[in-house]
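Text of the file run18.cif, holding mmCIF, C-alpha atoms and all ligand atoms:
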```cif
data_data
loop_
_atom_site.label_atom_id
_atom_site.label_comp_id
_atom_site.auth_asym_id
_atom_site.auth_seq_id
_atom_site.Cartn_x
_atom_site.Cartn_y
_atom_site.Cartn_z
CA MET A 1 0.97 23.02 12.52
CA LYS A 2 1.13 19.48 11.18
CA THR A 3 3.06 16.96 13.27
CA PHE A 4 5.65 14.98 11.34
CA THR A 5 5.35 11.21 11.73
CA PRO A 6 7.56 9.26 9.35
CA LEU A 7 5.60 6.40 7.79
CA THR A 8 7.35 4.12 5.36
CA ARG A 9 5.40 2.62 2.45
CA ARG A 10 5.82 -0.78 4.09
CA ARG A 11 4.16 0.37 7.30
CA PHE A 12 1.60 2.30 5.28
CA ILE A 13 0.70 -0.80 3.28
CA GLY A 14 0.73 -2.81 6.53
CA GLN A 15 -1.80 -0.46 8.04
CA LEU A 16 -3.90 -0.80 4.93
CA SER A 17 -3.81 -4.59 5.18
CA ILE A 18 -4.89 -4.51 8.81
CA ALA A 19 -7.66 -2.16 7.84
CA THR A 20 -8.69 -4.45 5.01
CA ALA A 21 -8.84 -7.44 7.31
CA ALA A 22 -11.11 -5.44 9.58
CA ALA A 23 -13.24 -4.24 6.71
CA LEU A 24 -16.60 -5.79 6.19
CA SER A 25 -17.64 -7.53 3.02
CA LEU A 26 -19.82 -6.44 0.10
CA PRO A 27 -22.83 -4.20 0.60
CA ARG A 28 -26.14 -6.05 0.30
CA SER A 29 -27.04 -4.07 -2.84
CA LEU A 30 -24.13 -5.71 -4.66
CA ARG A 31 -24.90 -9.14 -3.31
CA ALA A 32 -28.36 -9.60 -4.81
CA ALA A 33 -27.94 -11.21 -8.21
CA THR A 34 -30.20 -10.34 -11.12
CA SER A 35 -31.49 -12.91 -13.58
CA ALA A 36 -28.89 -11.74 -16.11
CA THR A 37 -26.01 -12.40 -13.73
CA SER A 38 -27.05 -15.27 -11.50
CA GLY A 39 -24.83 -18.30 -11.60
CA LYS A 40 -22.27 -16.85 -14.02
CA LYS A 41 -18.66 -16.27 -13.07
CA LEU A 42 -16.39 -14.33 -15.38
CA GLY A 43 -12.73 -15.28 -15.63
CA ILE A 44 -10.22 -12.57 -14.74
CA ALA A 45 -6.49 -12.57 -15.45
CA PHE A 46 -4.15 -10.26 -13.53
CA ALA A 47 -1.32 -8.63 -15.48
CA GLY A 48 1.35 -7.76 -12.90
CA LEU A 49 1.59 -9.82 -9.72
CA GLY A 50 3.01 -7.15 -7.41
CA GLY A 51 1.86 -5.90 -4.04
CA TYR A 52 -1.61 -4.67 -4.91
CA ALA A 53 -2.61 -7.64 -7.07
CA THR A 54 -1.23 -10.14 -4.53
CA HIS A 55 -2.43 -8.68 -1.25
CA GLN A 56 -5.62 -6.83 -2.18
CA LEU A 57 -7.15 -7.73 -5.51
CA ALA A 58 -6.67 -11.49 -5.66
CA PRO A 59 -8.02 -12.07 -2.12
CA ALA A 60 -10.99 -9.79 -2.95
CA ILE A 61 -12.04 -12.09 -5.80
CA ALA A 62 -13.17 -14.64 -3.21
CA GLU A 63 -15.55 -12.00 -1.86
CA THR A 64 -17.23 -11.49 -5.23
CA GLU A 65 -20.09 -13.46 -6.69
CA HIS A 66 -19.36 -13.18 -10.38
CA LEU A 67 -15.58 -13.48 -10.75
CA ARG A 68 -12.95 -16.16 -10.55
CA ILE A 69 -9.23 -16.00 -11.26
CA ALA A 70 -8.63 -17.59 -14.65
CA GLY A 71 -5.06 -16.63 -15.50
CA VAL A 72 -2.02 -14.45 -14.87
CA ILE A 73 0.36 -12.41 -16.97
CA THR A 74 3.75 -11.91 -15.36
CA GLY A 75 7.39 -11.21 -16.11
CA THR A 76 8.48 -13.74 -13.47
CA ALA A 77 7.74 -17.34 -14.44
CA SER A 78 8.23 -18.65 -10.87
CA LYS A 79 5.63 -16.19 -9.56
CA GLY A 80 3.24 -17.30 -12.28
CA GLU A 81 3.72 -20.90 -11.17
CA GLN A 82 3.07 -19.95 -7.51
CA TRP A 83 -0.19 -18.29 -8.50
CA ARG A 84 -1.13 -21.22 -10.73
CA ARG A 85 -0.81 -23.57 -7.77
CA LYS A 86 -2.39 -21.26 -5.22
CA TYR A 87 -5.47 -20.52 -7.35
CA ASP A 88 -5.63 -23.91 -9.01
CA LEU A 89 -5.32 -22.46 -12.50
CA PRO A 90 -5.21 -24.79 -15.49
CA ALA A 91 -1.94 -25.34 -17.32
CA GLY A 92 -1.58 -22.81 -20.13
CA SER A 93 -3.17 -19.98 -18.15
CA VAL A 94 0.15 -18.37 -17.17
CA TYR A 95 1.35 -15.83 -19.73
CA SER A 96 4.38 -13.55 -19.94
CA TYR A 97 4.19 -9.94 -21.11
CA GLU A 98 5.51 -11.20 -24.46
CA THR A 99 2.79 -13.84 -24.82
CA LEU A 100 -0.05 -11.71 -23.43
CA ASP A 101 -1.66 -11.48 -26.89
CA ARG A 102 -2.36 -15.22 -26.73
CA VAL A 103 -5.08 -14.68 -24.13
CA ALA A 104 -7.16 -14.14 -27.29
CA ASP A 105 -7.23 -17.96 -27.63
CA ASN A 106 -8.33 -18.53 -24.02
CA PRO A 107 -12.13 -18.40 -23.72
CA GLU A 108 -11.87 -18.84 -19.92
CA ILE A 109 -10.46 -15.31 -19.64
CA ASP A 110 -13.09 -12.57 -20.00
CA ILE A 111 -11.30 -9.70 -18.27
CA VAL A 112 -7.65 -8.62 -18.01
CA TYR A 113 -6.83 -6.49 -14.93
CA VAL A 114 -3.65 -4.44 -15.50
CA VAL A 115 -1.83 -3.87 -12.19
CA THR A 116 1.62 -2.75 -13.35
CA PRO A 117 3.38 0.64 -13.16
CA PRO A 118 1.43 3.39 -14.97
CA GLY A 119 4.03 3.83 -17.75
CA THR A 120 3.25 0.27 -18.90
CA HIS A 121 -0.56 0.58 -18.80
CA ARG A 122 -1.09 1.78 -22.36
CA ASP A 123 0.67 -1.11 -24.05
CA LEU A 124 -0.95 -3.78 -21.88
CA VAL A 125 -4.46 -2.31 -22.03
CA VAL A 126 -4.37 -1.87 -25.80
CA ARG A 127 -3.09 -5.41 -26.31
CA ALA A 128 -5.66 -6.93 -23.94
CA ALA A 129 -8.46 -5.10 -25.78
CA LYS A 130 -7.09 -6.25 -29.13
CA ALA A 131 -7.13 -9.79 -27.75
CA GLY A 132 -10.87 -9.33 -27.30
CA LYS A 133 -10.96 -8.95 -23.50
CA HIS A 134 -12.66 -6.43 -21.24
CA VAL A 135 -10.03 -4.48 -19.31
CA ILE A 136 -9.65 -3.00 -15.86
CA CYS A 137 -6.64 -0.74 -15.45
CA GLU A 138 -5.23 0.46 -12.16
CA LYS A 139 -4.99 4.13 -11.31
CA PRO A 140 -3.39 6.37 -12.41
CA MET A 141 -4.73 5.35 -15.82
CA ALA A 142 -1.54 6.38 -17.64
CA THR A 143 1.30 8.88 -17.54
CA ASN A 144 -0.24 11.26 -20.10
CA VAL A 145 -3.56 12.07 -21.77
CA ALA A 146 -2.45 10.82 -25.19
CA ASP A 147 -1.98 7.33 -23.76
CA CYS A 148 -5.44 7.50 -22.17
CA ASP A 149 -6.92 8.38 -25.57
CA ALA A 150 -5.22 5.37 -27.17
CA MET A 151 -6.51 3.06 -24.43
CA ILE A 152 -10.07 4.35 -24.68
CA ALA A 153 -9.98 4.06 -28.48
CA ALA A 154 -8.64 0.47 -28.38
CA CYS A 155 -11.37 -0.70 -26.00
CA ARG A 156 -14.06 1.12 -27.95
CA GLU A 157 -12.86 -0.42 -31.21
CA ALA A 158 -12.85 -3.88 -29.66
CA GLY A 159 -16.34 -3.31 -28.21
CA LYS A 160 -14.97 -4.03 -24.74
CA GLN A 161 -15.39 -2.23 -21.42
CA LEU A 162 -12.55 -0.26 -19.86
CA GLY A 163 -12.74 0.27 -16.10
CA ILE A 164 -10.28 2.15 -13.86
CA GLY A 165 -9.45 0.87 -10.36
CA TYR A 166 -11.33 3.60 -8.49
CA ARG A 167 -12.24 1.54 -5.42
CA LEU A 168 -13.45 4.59 -3.46
CA HIS A 169 -16.30 5.07 -5.90
CA TYR A 170 -17.91 2.18 -4.00
CA GLU A 171 -16.90 3.31 -0.51
CA PRO A 172 -19.81 4.35 1.77
CA HIS A 173 -18.16 7.45 3.35
CA HIS A 174 -17.33 8.78 -0.11
CA GLN A 175 -20.82 7.93 -1.30
CA MET A 176 -22.16 10.04 1.55
CA LEU A 177 -19.92 12.85 0.27
CA ASP A 178 -21.71 12.50 -3.11
CA ARG A 179 -25.11 12.60 -1.47
CA LEU A 180 -24.44 15.59 0.79
CA ALA A 181 -22.84 17.53 -2.07
CA ALA A 182 -26.06 17.08 -4.04
CA ASP A 183 -28.37 17.86 -1.08
CA PRO A 184 -29.57 21.49 -1.30
CA GLN A 185 -30.29 21.43 2.47
CA PHE A 186 -26.61 20.66 3.14
CA GLY A 187 -24.41 21.51 0.18
CA PRO A 188 -23.31 22.60 -2.25
CA PHE A 189 -19.74 22.58 -0.97
CA ARG A 190 -17.75 25.73 -1.69
CA LYS A 191 -14.46 25.13 0.14
CA MET A 192 -12.65 21.82 0.22
CA GLN A 193 -9.24 20.58 1.26
CA GLY A 194 -7.53 17.24 1.36
CA GLY A 195 -4.15 15.58 1.65
CA PHE A 196 -2.72 12.12 1.13
CA GLY A 197 0.91 11.21 1.61
CA PHE A 198 3.39 8.93 3.31
CA ARG A 199 7.12 8.63 3.82
CA MET A 200 8.66 6.95 0.76
CA PRO A 201 11.86 5.02 1.51
CA GLY A 202 14.93 5.43 -0.70
CA GLY A 203 16.16 2.78 -3.12
CA ARG A 204 14.88 2.77 -6.67
CA PRO A 205 11.21 1.76 -6.63
CA TRP A 206 9.37 2.48 -9.90
CA ARG A 207 7.37 5.11 -8.02
CA LEU A 208 10.45 7.36 -8.16
CA ASN A 209 10.94 6.81 -11.91
CA LYS A 210 9.23 9.53 -13.95
CA GLN A 211 8.78 7.43 -17.05
CA LEU A 212 7.15 4.54 -15.21
CA ALA A 213 5.20 6.51 -12.61
CA GLY A 214 4.33 9.64 -14.57
CA GLY A 215 5.32 11.74 -11.55
CA GLY A 216 5.69 11.42 -7.80
CA PRO A 217 3.05 11.38 -5.06
CA LEU A 218 0.57 13.40 -7.17
CA PRO A 219 -0.48 10.64 -9.60
CA ASP A 220 0.12 7.90 -7.00
CA VAL A 221 -1.84 9.23 -4.01
CA GLY A 222 -2.74 12.86 -4.76
CA ILE A 223 -5.14 11.48 -7.36
CA TYR A 224 -7.43 10.41 -4.48
CA VAL A 225 -7.68 14.02 -3.31
CA ILE A 226 -8.56 15.14 -6.85
CA GLN A 227 -11.28 12.48 -6.98
CA ALA A 228 -12.72 13.42 -3.56
CA ALA A 229 -12.80 17.12 -4.47
CA ARG A 230 -14.48 16.36 -7.78
CA ARG A 231 -17.16 14.45 -5.89
CA GLY A 232 -17.49 17.22 -3.30
CA ALA A 233 -17.99 19.69 -6.16
CA GLY A 234 -20.98 17.66 -7.30
CA GLY A 235 -19.26 15.39 -9.81
CA VAL A 236 -17.86 18.15 -12.03
CA TRP A 237 -14.22 18.58 -13.00
CA PRO A 238 -11.96 21.52 -12.15
CA VAL A 239 -11.71 24.18 -14.86
CA ALA A 240 -8.35 25.56 -13.69
CA VAL A 241 -5.53 24.85 -11.25
CA THR A 242 -2.59 26.59 -9.63
CA ALA A 243 0.21 24.53 -8.08
CA LYS A 244 3.52 24.66 -6.28
CA GLU A 245 6.22 22.03 -5.90
CA HIS A 246 7.89 22.28 -2.49
CA PRO A 247 11.66 22.23 -1.97
CA LYS A 248 13.03 18.69 -1.67
CA THR A 249 14.27 17.60 1.75
CA ARG A 250 15.87 14.47 0.19
CA PRO A 251 17.00 15.59 -3.27
CA GLU A 252 19.17 12.47 -3.60
CA VAL A 253 16.02 10.30 -3.44
CA PHE A 254 13.72 12.46 -5.57
CA THR A 255 15.92 12.97 -8.62
CA GLU A 256 13.09 12.58 -11.16
CA VAL A 257 9.80 13.29 -9.40
CA GLU A 258 8.43 15.78 -6.89
CA GLU A 259 8.63 15.06 -3.18
CA THR A 260 5.75 17.30 -2.07
CA ILE A 261 3.26 19.30 -4.11
CA THR A 262 0.29 21.50 -3.25
CA TRP A 263 -2.36 22.73 -5.62
CA THR A 264 -5.65 24.59 -5.80
CA MET A 265 -8.52 23.48 -8.03
CA GLU A 266 -11.24 25.85 -9.25
CA PHE A 267 -14.54 24.23 -10.08
CA PRO A 268 -17.38 25.56 -12.25
CA GLY A 269 -19.64 27.70 -10.05
CA GLY A 270 -16.77 28.92 -7.89
CA ALA A 271 -16.03 26.04 -5.47
CA THR A 272 -12.35 25.58 -4.69
CA ALA A 273 -10.25 22.74 -3.28
CA GLU A 274 -6.76 22.80 -1.76
CA GLY A 275 -4.81 19.60 -2.40
CA TRP A 276 -1.61 18.28 -0.83
CA SER A 277 0.37 15.16 -1.56
CA SER A 278 3.80 14.03 -0.47
CA TYR A 279 6.30 11.20 -0.26
CA ASN A 280 7.85 12.84 2.78
CA ASP A 281 5.08 13.26 5.27
CA GLN A 282 1.86 11.60 6.30
CA ARG A 283 -1.67 12.89 5.75
CA ASN A 284 -4.91 11.14 4.92
CA ASP A 285 -7.87 13.51 5.15
CA PHE A 286 -10.61 15.38 3.32
CA ARG A 287 -12.90 18.24 4.37
CA ALA A 288 -15.69 20.07 2.56
CA GLU A 289 -17.89 22.93 3.74
CA ASN A 290 -20.78 24.94 2.38
CA ALA A 291 -20.77 28.71 1.71
CA ASP A 292 -21.28 29.88 5.31
CA GLY A 293 -19.20 27.05 6.82
CA ARG A 294 -22.11 25.80 8.94
CA ASN A 295 -22.53 22.54 7.04
CA TRP A 296 -19.37 20.53 6.75
CA LEU A 297 -18.08 17.00 6.25
CA GLU A 298 -14.77 15.45 7.20
CA ILE A 299 -13.34 12.05 6.37
CA GLY A 300 -10.12 10.86 7.99
CA PRO A 301 -8.59 8.39 7.45
CA ALA A 302 -10.07 9.13 4.05
CA TYR A 303 -8.40 7.03 1.35
CA THR A 304 -7.11 3.77 2.83
CA TYR A 305 -8.50 0.30 2.10
CA GLY A 306 -10.54 0.28 5.29
CA GLY A 307 -10.84 1.92 8.69
CA LEU A 308 -12.31 5.11 7.22
CA GLU A 309 -14.04 7.43 9.65
CA GLY A 310 -16.23 10.40 8.91
CA ARG A 311 -18.21 13.09 10.63
CA THR A 312 -20.39 15.96 9.50
CA SER A 313 -21.85 19.04 11.17
CA ARG A 314 -24.83 16.74 11.89
CA GLY A 315 -22.69 14.21 13.80
CA ALA A 316 -20.68 11.05 13.16
CA MET A 317 -21.26 9.37 9.79
CA ASP A 318 -23.27 6.25 10.42
CA VAL A 319 -21.81 4.15 7.62
CA ARG A 320 -19.69 1.04 7.64
CA ASN A 321 -16.44 0.08 5.98
CA ILE A 322 -16.64 -2.49 3.20
CA ASN A 323 -14.22 -4.53 1.14
CA GLN A 324 -13.69 -1.78 -1.46
CA GLN A 325 -11.83 -3.94 -3.96
CA ALA A 326 -14.50 -6.64 -3.89
CA ALA A 327 -17.24 -4.05 -4.43
CA GLN A 328 -15.32 -2.50 -7.33
CA LEU A 329 -14.56 -5.87 -8.94
CA GLU A 330 -18.08 -7.19 -8.49
CA ASP A 331 -19.66 -4.11 -10.02
CA PHE A 332 -17.38 -4.36 -13.05
CA ALA A 333 -18.38 -8.00 -13.52
CA ARG A 334 -22.05 -7.05 -13.32
CA CYS A 335 -21.57 -4.23 -15.81
CA VAL A 336 -20.10 -6.74 -18.26
CA LEU A 337 -22.80 -9.35 -17.60
CA GLU A 338 -25.64 -6.84 -17.80
CA ASN A 339 -24.08 -4.91 -20.67
CA ARG A 340 -24.05 -1.69 -18.61
CA GLU A 341 -21.28 0.87 -18.85
CA THR A 342 -19.00 0.93 -15.81
CA PRO A 343 -19.36 4.15 -13.78
CA VAL A 344 -15.56 4.26 -13.37
CA GLY A 345 -14.58 4.16 -17.02
CA GLY A 346 -11.69 5.39 -19.11
CA GLU A 347 -13.11 8.91 -19.48
CA MET A 348 -12.93 9.36 -15.70
CA GLY A 349 -9.35 8.11 -15.65
CA ARG A 350 -8.45 10.41 -18.52
CA ARG A 351 -9.98 13.45 -16.77
CA ASP A 352 -7.77 12.84 -13.72
CA ILE A 353 -4.69 12.65 -15.91
CA ALA A 354 -5.66 15.94 -17.59
CA VAL A 355 -5.93 17.56 -14.14
CA ILE A 356 -2.56 16.10 -13.12
CA GLU A 357 -0.93 17.41 -16.32
CA ALA A 358 -2.37 20.87 -15.62
CA ILE A 359 -1.08 20.78 -12.01
CA TYR A 360 2.43 19.94 -13.22
CA ALA A 361 2.22 22.65 -15.90
CA SER A 362 1.26 25.22 -13.27
CA ALA A 363 4.03 24.15 -10.87
CA ALA A 364 6.57 24.31 -13.72
CA ALA A 365 5.35 27.81 -14.60
CA GLY A 366 5.89 29.10 -11.06
CA GLY A 367 2.28 28.76 -9.93
CA LYS A 368 0.62 30.34 -12.97
CA ARG A 369 -3.11 29.60 -13.32
CA VAL A 370 -3.54 26.82 -15.90
CA GLU A 371 -6.88 25.89 -17.42
CA VAL A 372 -7.78 22.21 -17.50
CA PRO A 373 -8.85 21.16 -20.98
CA GLY A 374 -12.31 19.54 -21.19
CA LEU A 375 -12.98 16.26 -22.93
P1 LIG A 401 4.33 -3.25 -7.29
O1 LIG A 401 5.67 -2.64 -7.52
O2 LIG A 401 4.09 -3.94 -6.01
O3 LIG A 401 3.98 -4.25 -8.46
C1 LIG A 401 4.14 -3.89 -9.80
C2 LIG A 401 4.17 -5.14 -10.64
O4 LIG A 401 4.34 -4.75 -12.01
C3 LIG A 401 5.32 -6.09 -10.29
O5 LIG A 401 4.86 -7.41 -10.28
C4 LIG A 401 6.31 -5.88 -11.44
O6 LIG A 401 7.08 -7.03 -11.71
C5 LIG A 401 5.35 -5.56 -12.59
N1 LIG A 401 5.96 -4.82 -13.72
C6 LIG A 401 5.63 -5.01 -15.01
N2 LIG A 401 6.34 -4.20 -15.81
C7 LIG A 401 7.15 -3.50 -15.01
C8 LIG A 401 8.14 -2.51 -15.24
N3 LIG A 401 8.43 -2.09 -16.49
N4 LIG A 401 8.78 -1.99 -14.19
C9 LIG A 401 8.50 -2.39 -12.94
N5 LIG A 401 7.58 -3.33 -12.64
C10 LIG A 401 6.91 -3.88 -13.67
O7 LIG A 401 3.27 -2.06 -7.51
P2 LIG A 401 1.77 -2.03 -7.00
O8 LIG A 401 1.71 -1.29 -5.72
O9 LIG A 401 1.17 -3.35 -7.08
O10 LIG A 401 1.13 -1.04 -8.11
C11 LIG A 401 0.74 -1.48 -9.39
C12 LIG A 401 -0.37 -0.58 -9.92
O11 LIG A 401 -1.46 -0.62 -9.00
C13 LIG A 401 0.00 0.90 -10.05
O12 LIG A 401 -0.70 1.48 -11.12
C14 LIG A 401 -0.48 1.48 -8.73
O13 LIG A 401 -0.74 2.87 -8.78
C15 LIG A 401 -1.75 0.70 -8.53
N6 LIG A 401 -2.17 0.61 -7.13
C16 LIG A 401 -3.44 0.92 -6.84
C17 LIG A 401 -3.88 0.86 -5.55
C18 LIG A 401 -5.31 1.20 -5.23
O14 LIG A 401 -5.62 1.35 -4.06
N7 LIG A 401 -6.18 1.28 -6.23
C19 LIG A 401 -3.01 0.50 -4.53
C20 LIG A 401 -1.70 0.16 -4.85
C21 LIG A 401 -1.28 0.22 -6.17
#
```
As structure tokens, the full file:
Amino acid sequence: MKTFTPLTRRRFIGQLSIATAAALSLPRSLRAATSATSGKKLGIAFAGLGGYATHQLAPAIAETEHLRIAGVITGTASKGEQWRRKYDLPAGSVYSYETLDRVADNPEIDIVYVVTPPGTHRDLVVRAAKAGKHVICEKPMATNVADCDAMIAACREAGKQLGIGYRLHYEPHHQMLDRLAADPQFGPFRKMQGGFGFRMPGGRPWRLNKQLAGGGPLPDVGIYVIQAARRGAGGVWPVAVTAKEHPKTRPEVFTEVEETITWTMEFPGGATAEGWSSYNDQRNDFRAENADGRNWLEIGPAYTYGGLEGRTSRGAMDVRNINQQAAQLEDFARCVLENRETPVGGEMGRRDIAVIEAIYASAAAGGKRVEVPGL
């Protein structure tokens, strides 16, 4: 029986910040510069100066070797001015959403990082690509697969990279999950389960607005469970899902999106994963086990910015926490500088959205099994 501990988003974010402060810096492998990258710093402009850009991404830039903040795109001129002063940005490097297209004329900006609500991602990503910039887009990539397709096409047409903000791709506990899943002496994993949720306060944050968020906790935090299960399954995507939306305990708050949802993913080869995500209750865990249950792995806390802990049937995971955002940002910069494709590209973001659409379709159909379309 799960114990109920209310955790507001504010406290949740607070815990994340404490964890981030405690987190160590970049892994050595990302610190060593190659001849193609040494000495160069790419200019990045953040579009959307909300919580994540302000408290996580911008501070992480100082921990990277190949990035510097070169501009901002914001709907609030005073915030833009604050950032301009704080990061010593040149005049003319603060844009509004209306003038975003003018970044095309700013050679100091190489990358636009879109950190706004998901319903706005398509427009901003497409325009940044058309302005000739590489783009990083926060998760969830968009609110539907059609928007993902348009974003991928725009970046491809512009010959620019599109990366999605999957910070855990670079996280050592999750990388151990990849390794053990691929190790025939340990994996493959057949049964997985994971949950991520927190107590969402009332009011009208965009996270409760279906058009802007694309859904409730599922695309916001459940997406991390989908990603972990995909990694536990050896990097493949689920072929089918079944899902159930749970009755709302605060229907007055959750008028547009689900409050709690559970789902099952079926992977090629027969592995399954049980997912849970909620804006009413707290969970932050992942577990995977092999066919006879003798080899297993657990991570918990599993998805926060730092303070992750893991153990396996062999003992505690001997890996450290890192600054996940810095590792993610630095690798994207190197991919651009070395002309390598980012490992966390638009196709990965699109696949998650296809899984999320299938989960919602199943829940709407009373738990019917729904196949997840391939690429
Ligand atoms: P936030 O509410 O703190 O900030 C959102 C920003 O977008 C604000 O500055 C707001 O002014 C701006 N904005 C632009 N258009 C808007 C519109 N139409 N409606 C509302 N706001 C608009 O949100 P956040 O927590 O910073 O999240 C932003 C994005 O980052 C989301 O995609 C979210 O899922 C993602 N995120 C990712 C992580 C992660 O760990 N990777 C963590 C937090 C948030």
Q.
What residues of the protein or nucleic acid chains come within 8 Å of ligand LIG 401 (chain A) when you use only C-alpha atoms and all ligand atoms? Reply as JSON, numbers by chain.
A. {"A": [47, 48, 49, 50, 51, 52, 53, 54, 74, 75, 76, 97, 114, 115, 116, 117, 118, 119, 120, 121, 137, 138, 139, 140, 141, 165, 166, 167, 205, 206, 207, 212, 213, 219, 220, 304, 305]}
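Between Gln193 (chain A) and the residues A:Gly232, A:Gly269, A:Pro373, A:Gly306, the shortest atom-to-atom distance, using all atoms listed in the file, involves A:Gly232.
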Q) Quick one: residues within 10 Å of region 184-186 of chain A, only C-alpha atoms counted, chain neighbours fewer than 4 positions away excluded, as a PyMOL selection string? A) chain A and resi 179-180+289-290+294-297+313-314
Selected residues written out with C-alpha atoms, as a PDB file, in the frame of the given file:
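Everything below was put into result_31.pdb:
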```
ATOM      1  CA  ARG A 179     -25.110  12.600  -1.470  1.00  0.00           C
ATOM      2  CA  LEU A 180     -24.440  15.590   0.790  1.00  0.00           C
ATOM      3  CA  GLU A 289     -17.890  22.930   3.740  1.00  0.00           C
ATOM      4  CA  ASN A 290     -20.780  24.940   2.380  1.00  0.00           C
ATOM      5  CA  ARG A 294     -22.110  25.800   8.940  1.00  0.00           C
ATOM      6  CA  ASN A 295     -22.530  22.540   7.040  1.00  0.00           C
ATOM      7  CA  TRP A 296     -19.370  20.530   6.750  1.00  0.00           C
ATOM      8  CA  LEU A 297     -18.080  17.000   6.250  1.00  0.00           C
ATOM      9  CA  SER A 313     -21.850  19.040  11.170  1.00  0.00           C
ATOM     10  CA  ARG A 314     -24.830  16.740  11.890  1.00  0.00           C
TER      11      ARG A 314
END
```
Q: Please write as an MDAnalysis selection string the list of polymer residues whose atoms come within 10 Å of (1.9, -19.4, -12.3), counting only C-alpha atoms and keeping to the coordinates of the file.
A: chainID A and resid 49 71:74 76:96
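For the pair CA of Arg127 (chain A) and CA of Leu208 (chain A), the interatomic distance is 26.0 Å.
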Q: Would you please work out which residue, of A:Asp101, A:Glu357, A:Asp178, A:Asp147, is nearest to Thr242 (chain A) when using only C-alpha atoms?
A: A:Glu357
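Here CA of Gln282 (chain A) is placed at a distance of 15.1 Å from CA of His246 (chain A).
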Box in all listed atoms of region 170-186 of chain A, axis-aligned, with 8 Å more on each side; write out centre and edge lengths in Å to one decimal as lines of an AutoDock Vina configuration file.
```
center_x = -23.6
center_y = 11.8
center_z = -0.3
size_x = 29.4
size_y = 35.3
size_z = 23.4
```
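Residue nearest Gly367 (chain A) within the list A:Phe189, A:Ala354, A:Ile261, A:Phe267: A:Ile261 [criterion: smallest interatomic distance, only C-alpha atoms].
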Please tabulate, as JSON lines, the residues of region 99-211 of chain A that come within 12 Å of region 325-339 of chain A, each with its closest pair of atoms and the distance in Å to one decimal, counting all atoms listed in the file and ordering rows by chain, then residue number upward.
```
{"residue": "A:Asp110", "atom": "CA", "partner": "A:Val336", "partner_atom": "CA", "distance": 9.3}
{"residue": "A:Ile111", "atom": "CA", "partner": "A:Ala333", "partner_atom": "CA", "distance": 8.7}
{"residue": "A:Val112", "atom": "CA", "partner": "A:Ala333", "partner_atom": "CA", "distance": 11.6}
{"residue": "A:Tyr113", "atom": "CA", "partner": "A:Leu329", "partner_atom": "CA", "distance": 9.8}
{"residue": "A:Lys133", "atom": "CA", "partner": "A:Val336", "partner_atom": "CA", "distance": 10.8}
{"residue": "A:His134", "atom": "CA", "partner": "A:Val336", "partner_atom": "CA", "distance": 8.0}
{"residue": "A:Val135", "atom": "CA", "partner": "A:Phe332", "partner_atom": "CA", "distance": 9.7}
{"residue": "A:Ile136", "atom": "CA", "partner": "A:Phe332", "partner_atom": "CA", "distance": 8.3}
{"residue": "A:Cys137", "atom": "CA", "partner": "A:Leu329", "partner_atom": "CA", "distance": 11.5}
{"residue": "A:Glu138", "atom": "CA", "partner": "A:Gln325", "partner_atom": "CA", "distance": 11.4}
{"residue": "A:Gly159", "atom": "CA", "partner": "A:Asn339", "partner_atom": "CA", "distance": 10.9}
{"residue": "A:Lys160", "atom": "CA", "partner": "A:Val336", "partner_atom": "CA", "distance": 8.7}
{"residue": "A:Gln161", "atom": "CA", "partner": "A:Val336", "partner_atom": "CA", "distance": 7.2}
{"residue": "A:Leu162", "atom": "CA", "partner": "A:Phe332", "partner_atom": "CA", "distance": 9.3}
{"residue": "A:Gly163", "atom": "CA", "partner": "A:Phe332", "partner_atom": "CA", "distance": 7.2}
{"residue": "A:Ile164", "atom": "CA", "partner": "A:Gln328", "partner_atom": "CA", "distance": 9.5}
{"residue": "A:Gly165", "atom": "CA", "partner": "A:Gln328", "partner_atom": "CA", "distance": 7.4}
{"residue": "A:Tyr166", "atom": "CA", "partner": "A:Gln328", "partner_atom": "CA", "distance": 7.4}
{"residue": "A:Arg167", "atom": "CA", "partner": "A:Gln328", "partner_atom": "CA", "distance": 5.4}
{"residue": "A:Leu168", "atom": "CA", "partner": "A:Gln328", "partner_atom": "CA", "distance": 8.3}
{"residue": "A:His169", "atom": "CA", "partner": "A:Gln328", "partner_atom": "CA", "distance": 7.8}
{"residue": "A:Tyr170", "atom": "CA", "partner": "A:Ala327", "partner_atom": "CA", "distance": 6.3}
{"residue": "A:Glu171", "atom": "CA", "partner": "A:Ala327", "partner_atom": "CA", "distance": 8.3}
{"residue": "A:Pro172", "atom": "CA", "partner": "A:Ala327", "partner_atom": "CA", "distance": 10.8}
```
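Take the candidates A:Thr342, A:Gln175, A:Ser278, A:Gln324 and check each one against Gly194 (chain A) using all atoms listed in the file; the shortest distance goes to A:Ser278.
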